[in-house]
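See below for the structure under consideration.
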Amino acid sequence: MTAERTIRTPRDLVEAGLIGREREEAISRVTASYTVAISPAISRLVDRDDPDDPIARQFVPDMAELAVMPEERADPIGDSTHSPVTGIVHRYPDRVLLKAVHVCPVYCRFCFRREMVGPEGLGTLTPAELDRAIAYISGHQEIWEVILTGGDPLVLSPRRLGEIMERLAKIEHVKVVRFHTRVPVVEPDRVDAPLIAALKGSGKATYVALHANHPRELTVAARAAAARLIDAGIVMVSQSVLLKGVNDDPDILAELMRAFVETRVKPYYLHHPDLAPGTSHFRLSIEEGQALVASLRGRVSGLCQPAYILDIPGGHGKSVVSASSIEAEGGGCYTVTDFRGNRHAYPPKG
């Protein structure tokens with residue numbers, strides 16, 4: 001197979017040297033449930049000689065994904081609980097998620113929406129569904145920020161992105177538009193002048209949250225793609241997931257945060273892994289995560305400090321994983337306080 005084609009099947013994985021031929025049949029059981037896509041840029045980053053390569057761990061399917069724990073759930077952060085119309089999640093008063101597409105250029109093996117994304121997932125909003133989503137935003141004066149996510153919104157063509165931004169431009173109470181994406185890392189050449197023009201098309205303050213989990217992902221090409229966005233006046237922040245076997249090391253975590261800052265991307269969120277099905281092999285304990293994040297204090301500049309965040313299962317929102325918002329109850333269980341002051345069990349009981 002050509003190195004410049006996205007890897008999508010177990011046979012592709014074998015031919016790219018990412019798994020041995022003896023694993024093809026077994027891995028097909030994983031790919032029957034969860035979509036695979038590994039872009040050429042990511043494939044080239046994988047060290048085939050390292051069985052524990054942190055890039056491969058994020059994108060190459062593993063049999064461990066078939067082990068589903070009792071506490072795991074298809075919608076771990078409760079998107080559906082706060083979805084008044086298709087494509088909208090209105091969890092917080094002043095902002096909404098607009099999930100225009102559920103397709104990604106790559107599929108992370110730890111994805112919290114892994115039951116919803118991919119060719120067999122929820123798909124792209126139809127014109128009628130997008131009309132209803134935009135009407136919802138227009139009809140709710142409290143919505144100050146619209147966050148385009150999914151899926152990865154930057155897989156949409158500049159034309160389609162531009163159309164969405166033009167419609168948001170007409171909604172006076174929306175002041176900020178944010179995009180959550182992996183594209184600058186996994187398909188940096190996609191970040192070109194037409195795409196940038198589309199992102200700025202609303203005239204609103206435009207932010208891009210870049211998802212990367214290991215410093216090797218911030219290649220020369222990825223940093224150049226980020227520079228094109230930033231030089232065009234788009235503010236960039238980061239989001240990462242704390243992952244066992246990827247970045248659960250103080251030196252790697254510090255290097256990642258420094259790499260963001262060097263790229264002019266402000267570290268923003270470091271997520272504790274969500275309770276998505278088949279992802280327990282990625283999850284650290286809360287105490288391990290707290291210790292890793294505490295290790296950044298004094299080790300790296302204040303510019304490099306992300307907020308360590310837990311999405312409370314059931315759709316109750318984010319909580320900063322600090323002593324004031326999370327309490328150990330014993331037996332691996334915790335009580336987490338949400339932004340409204342309500343307390344929740346983690347993992348959920350029952």
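Letters A, B, ... mark the chains of the structure tokens in the order given; residue numbers begin at 1 per chain; ligand numbers begin at 1, in order shown.
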
Skip A:Tyr92 itself and residues of its chain fewer than 6 positions away, then list as a PyMOL selection string all residues within 10 Å of it, counting only C-alpha atoms. chain A and resi 82+142-143+316-318+339

If you run DSSP on the backbone here, which positions in stretch 140-282 of chain A get helix (DSSP H, G or I)? Please write them as a VMD selection string. chain A and resid 153 to 155 158 to 169 183 to 186 188 to 190 193 to 199 215 to 217 220 to 231 250 to 262 280 to 282

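Proximity to A:Glu25 was assessed for A:Asp192, A:Ile7, A:Leu199, A:Met63 counting only C-alpha atoms; the smallest distance is recorded for A:Met63.
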
What lies within 12 Å of A:Glu287 using only C-alpha atoms, ignoring chain neighbours under 2 positions off, as a compact mmCIF listing (two decimals) with C-alpha atoms, in the first residue's frame?
# COMPACT_ATOMS: atom_id res chain seq x y z
CA HIS A 272 -8.78 12.57 32.99
CA ARG A 283 -6.94 5.13 32.65
CA LEU A 284 -4.79 6.09 35.59
CA SER A 285 -6.15 6.52 39.08
CA GLY A 289 -3.13 11.96 37.79
CA GLN A 290 -3.00 14.46 40.64
CA ALA A 291 0.61 13.52 41.38
CA LEU A 292 1.61 13.94 37.73
CA VAL A 293 -0.04 17.33 37.43
CA ALA A 294 1.45 18.43 40.77
CA TYR A 308 -6.61 18.95 35.16
CA VAL A 321 -9.49 17.55 39.93
CA SER A 322 -8.34 19.24 43.09
CA ALA A 323 -8.76 18.58 46.78
CA ILE A 326 -12.86 15.64 44.55
CA GLU A 327 -12.71 13.52 47.70
CA ALA A 328 -11.51 9.93 48.06
CA GLY A 330 -12.04 4.44 49.59
CA GLY A 332 -11.18 3.43 44.28
CA CYS A 333 -14.34 5.57 44.59
CA TYR A 334 -14.64 9.34 44.92

Among stretch 73-280 of chain A, which residues does DSSP mark as strand (DSSP E) when it is run on the backbone? Keep the chain and numbering as in the structure and answer as a ChimeraX atom specification. /A:88-92,95-99,145-149,176-181,205-211,235-241,266-271

What lies within 9 Å of A:Gly314 using only C-alpha atoms, ignoring chain neighbours under 6 positions off, as a count of residues only? 7

Residue contacts of A:Pro267 (7 Å, only C-alpha atoms) excluding same-chain residues fewer than 5 positions away, as number ranges by chain: A: 237-239, 257, 260, 304-306

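Closest approach to A:Ser295 among A:Val174, A:Leu97, A:Val30, A:Ala254 is made by A:Ala254 (distances from only C-alpha atoms).
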
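Each of A:Arg5, A:Arg113, A:Lys200, A:His211 was compared to A:Thr181 using only C-alpha atoms, and A:His211 turns out to be the nearest.
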
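Residues within 8 Å of A:Ala64, counting only C-alpha atoms and excluding same-chain residues fewer than 6 positions away, are Gly278, Thr279 and His281 of chain A.
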
For A:Arg95, please output as a ChimeraX atom specification all residues within 12 Å (counting only C-alpha atoms; exclusion window: fewer than 2 positions along the same chain). /A:82,88-93,97-98,136-137,140-148,173-178

Would you write out, as a Markdown table, a table of all residues in stretch 186-244 of chain A that have an atom no more than 9 Å from an atom of stretch 153-156 of chain A, listing for each the closest atom pair and the distance in Å to one decimal, considering only C-alpha atoms and ordering rows by chain and rising residue number?
| residue | atom | partner | partner_atom | distance |
| --- | --- | --- | --- | --- |
| A:Arg190 | CA | A:Leu154 | CA | 8.4 |
| A:Val191 | CA | A:Leu154 | CA | 8.7 |
| A:Leu195 | CA | A:Leu154 | CA | 8.1 |

Write out the residues from the selection above, keeping C-alpha atoms, as a PDB file, in the first residue's frame.
ATOM      1  CA  ARG A 190      -5.375  20.837   5.312  1.00  0.00           C
ATOM      2  CA  VAL A 191      -4.750  24.069   7.228  1.00  0.00           C
ATOM      3  CA  LEU A 195      -9.806  26.908   5.560  1.00  0.00           C
TER       4      LEU A 195
END

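Here atom CA of A:Arg132 is placed at a distance of 12.6 Å from atom CA of A:Ile164.
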